[in-house]
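The next block is start-v3.cif, given as mmCIF, C-alpha atoms.
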```cif
data_run
#
loop_
_atom_site.label_atom_id
_atom_site.label_comp_id
_atom_site.auth_asym_id
_atom_site.auth_seq_id
_atom_site.Cartn_x
_atom_site.Cartn_y
_atom_site.Cartn_z
CA MET A 1 -9.13 37.52 -81.11
CA LYS A 2 -5.60 36.54 -82.02
CA ARG A 3 -6.48 32.90 -81.46
CA ARG A 4 -9.25 33.11 -84.01
CA LEU A 5 -6.95 34.68 -86.63
CA ALA A 6 -4.18 32.13 -86.25
CA PRO A 7 -6.22 29.22 -87.66
CA LEU A 8 -7.35 31.47 -90.50
CA ARG A 9 -3.74 32.27 -91.40
CA VAL A 10 -2.80 28.60 -91.32
CA GLY A 11 -5.85 27.81 -93.40
CA LEU A 12 -5.03 30.58 -95.85
CA GLY A 13 -1.40 29.41 -96.03
CA MET A 14 -2.53 25.88 -96.79
CA THR A 15 -4.92 27.16 -99.43
CA ILE A 16 -2.20 29.25 -101.08
CA GLY A 17 0.16 26.26 -100.90
CA LEU A 18 -2.42 24.05 -102.60
CA LEU A 19 -3.03 26.65 -105.30
CA VAL A 20 0.70 26.93 -105.98
CA ALA A 21 1.01 23.14 -106.11
CA GLN A 22 -1.95 22.89 -108.47
CA SER A 23 -0.49 25.63 -110.67
CA ALA A 24 2.87 23.84 -110.81
CA PHE A 25 1.12 20.56 -111.56
CA GLY A 26 -0.88 22.24 -114.33
CA ALA A 27 2.31 23.66 -115.84
CA THR A 28 3.95 20.24 -115.65
CA THR A 29 0.96 18.61 -117.29
CA ARG A 30 0.99 21.20 -120.09
CA ALA A 31 4.72 20.64 -120.59
CA GLN A 32 4.19 16.88 -120.69
CA LYS A 33 1.42 17.22 -123.27
CA ARG A 34 3.51 19.56 -125.41
CA SER A 35 6.47 17.22 -125.10
CA ALA A 36 4.34 14.26 -126.18
CA LYS A 37 3.14 16.19 -129.24
CA LEU A 38 6.70 17.11 -130.17
CA ILE A 39 7.77 13.48 -129.82
CA GLU A 40 4.97 12.38 -132.15
CA GLN A 41 5.95 15.11 -134.62
CA ALA A 42 9.60 14.04 -134.45
CA GLN A 43 8.70 10.42 -135.11
CA ARG A 44 6.69 11.39 -138.20
CA LEU A 45 9.52 13.58 -139.47
CA TYR A 46 12.09 10.83 -138.87
CA LEU A 47 10.02 8.25 -140.74
CA LYS A 48 9.73 10.70 -143.68
CA GLY A 49 13.52 11.07 -143.72
CA ASN A 50 13.48 14.63 -142.40
CA TYR A 51 16.16 13.86 -139.81
CA ARG A 52 17.32 17.38 -138.97
CA ASP A 53 13.80 18.61 -138.15
CA ALA A 54 13.14 15.40 -136.21
CA ALA A 55 16.26 16.07 -134.13
CA ARG A 56 15.09 19.62 -133.45
CA ALA A 57 11.66 18.42 -132.32
CA TRP A 58 13.19 15.78 -130.01
CA LYS A 59 15.51 18.41 -128.54
CA ARG A 60 12.57 20.73 -127.83
CA ALA A 61 10.64 17.84 -126.26
CA ASN A 62 13.64 17.01 -124.10
CA ARG A 63 13.83 20.60 -122.83
CA LEU A 64 10.19 20.37 -121.74
CA LYS A 65 10.44 16.91 -120.19
CA PRO A 66 13.99 15.56 -120.01
CA ASP A 67 14.38 11.93 -121.03
CA PRO A 68 17.72 10.38 -122.00
CA ARG A 69 16.02 8.34 -124.75
CA LEU A 70 15.25 11.59 -126.53
CA VAL A 71 18.95 12.47 -126.52
CA TYR A 72 19.65 9.06 -128.06
CA ASN A 73 17.01 9.73 -130.73
CA VAL A 74 18.60 13.09 -131.51
CA ALA A 75 21.97 11.37 -131.96
CA ARG A 76 20.45 8.80 -134.32
CA ALA A 77 18.71 11.48 -136.37
CA TYR A 78 21.90 13.49 -136.74
CA GLU A 79 23.76 10.33 -137.71
CA LYS A 80 21.18 9.59 -140.41
CA GLU A 81 21.43 13.22 -141.58
CA GLY A 82 25.18 12.83 -141.91
CA ASP A 83 25.99 15.38 -139.21
CA LEU A 84 28.58 13.17 -137.55
CA ASN A 85 29.88 15.77 -135.11
CA SER A 86 26.43 16.56 -133.70
CA SER A 87 25.63 12.87 -133.60
CA TRP A 88 28.84 12.13 -131.71
CA GLU A 89 28.13 14.92 -129.19
CA HIS A 90 24.63 13.60 -128.46
CA TYR A 91 25.78 9.99 -128.17
CA ARG A 92 28.44 11.18 -125.69
CA THR A 93 25.77 13.01 -123.72
CA TYR A 94 23.64 9.86 -123.71
CA VAL A 95 26.38 7.49 -122.53
CA THR A 96 27.30 9.80 -119.66
CA ASN A 97 23.71 9.93 -118.40
CA PRO A 98 23.26 7.70 -115.33
CA ASP A 99 19.69 6.94 -116.45
CA ALA A 100 20.72 5.59 -119.87
CA GLU A 101 19.05 2.29 -120.72
CA PRO A 102 21.51 -0.61 -121.03
CA ALA A 103 20.38 -1.72 -124.52
CA LEU A 104 20.57 1.82 -125.92
CA LEU A 105 23.80 2.44 -124.02
CA LYS A 106 25.38 -0.48 -125.86
CA LYS A 107 24.14 0.84 -129.22
CA ALA A 108 25.39 4.34 -128.41
CA MET A 109 28.83 2.99 -127.49
CA GLU A 110 28.96 1.06 -130.78
CA ALA A 111 27.96 4.19 -132.69
CA LEU A 112 30.67 6.21 -130.94
CA ALA A 113 33.23 3.57 -131.86
CA LYS A 114 32.24 3.93 -135.53
CA LEU A 115 31.83 7.70 -135.53
CA GLY A 116 35.20 8.54 -133.99
CA PRO A 117 37.24 7.15 -136.91
CA ALA A 118 34.73 8.44 -139.48
CA ILE A 119 35.00 11.97 -138.07
CA ALA A 120 38.80 11.76 -138.00
CA GLU A 121 38.86 10.56 -141.62
CA ARG A 122 36.51 13.34 -142.73
CA GLU A 123 38.63 15.96 -140.95
CA ALA A 124 41.82 14.57 -142.53
CA ARG A 125 40.27 14.78 -146.00
CA ALA A 126 39.15 18.35 -145.32
CA ALA A 127 42.65 19.29 -144.17
CA GLU A 128 44.17 17.74 -147.33
CA ALA A 129 41.78 19.68 -149.53
CA LYS A 130 43.02 22.97 -148.09
#
```
Go through the file and emit its structure as structure tokens.
Amino acid sequence: MKRRLAPLRVGLGMTIGLLVAQSAFGATTRAQKRSAKLIEQAQRLYLKGNYRDAARAWKRANRLKPDPRLVYNVARAYEKEGDLNSSWEHYRTYVTNPDAEPALLKKAMEALAKLGPAIAEREARAAEAK
């Protein structure tokens, strides 16, 4: 009798394994769909000039399905919004990502080169005002 049960256990284990894999795949697919919707929303917001909300949507999309390009987009949106510190932080995150695209990496490095002095100047003016 034990011999008959052993194949059943293996079969049951394989079935449970497949169900778990399908469940994980379903969750991944849902996350990908939600991420895609958030990316579309962020693009619309960005084109309307609502940069802060666009950055938030891209950040949420990136949490669901990480993509370094989304971090770059967040940095650009914050830069357009005038939030130089947040922009600088996200550009730094982008340039340290090993999967950063070369063309965007170059643009991010150029932005960091501009933002560093601009942030320092802004901080100096704020210190003088005190």
- Task: Check the smallest atom-to-atom distance from each of A:Gln43, A:Gly49, A:Glu101, A:Arg92 to A:Asn73 using all atoms listed in the file, then report the winner.
- Result: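 When distances to A:Asn73 are compared using all atoms listed in the file, the smallest one comes from A:Gln43.
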- Could you spell out the hits of the PyMOL selection byres ((chain A and resi 87) around 8) on the shown file, as JSON, numbers by chain? {"A": [74, 75, 76, 77, 78, 79, 83, 84, 85, 86, 88, 89, 90, 91]}
- Check which residues satisfy the PyMOL selection byres ((chain A and resi 97) around 12) in the file shown, then give them as a PyMOL selection string. chain A and resi 66-72+90-96+98-102+104-105+108
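If you look at atom CA of A:Lys80 and atom CA of A:Leu64, they are 24.2 Å away from each other.
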- Selection result for the PyMOL selection byres ((chain A and resi 36-38) around 8) on this file, as a list in words: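 Output of the PyMOL selection byres ((chain A and resi 36-38) around 8): Gln32, Lys33, Arg34, Ser35, Ile39, Glu40, Gln41, Ala42, Ala57, Trp58, Arg60 and Ala61 of chain A.
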- Just how far from atom CA of A:Ala54 is atom CA of A:Lys106, in Å to one decimal? 22.6 Å
- Interatomic distance, atom CA of A:Lys114 to atom CA of A:Arg52 (Å, one decimal):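 Computing it gives 20.4 Å between the two atoms.
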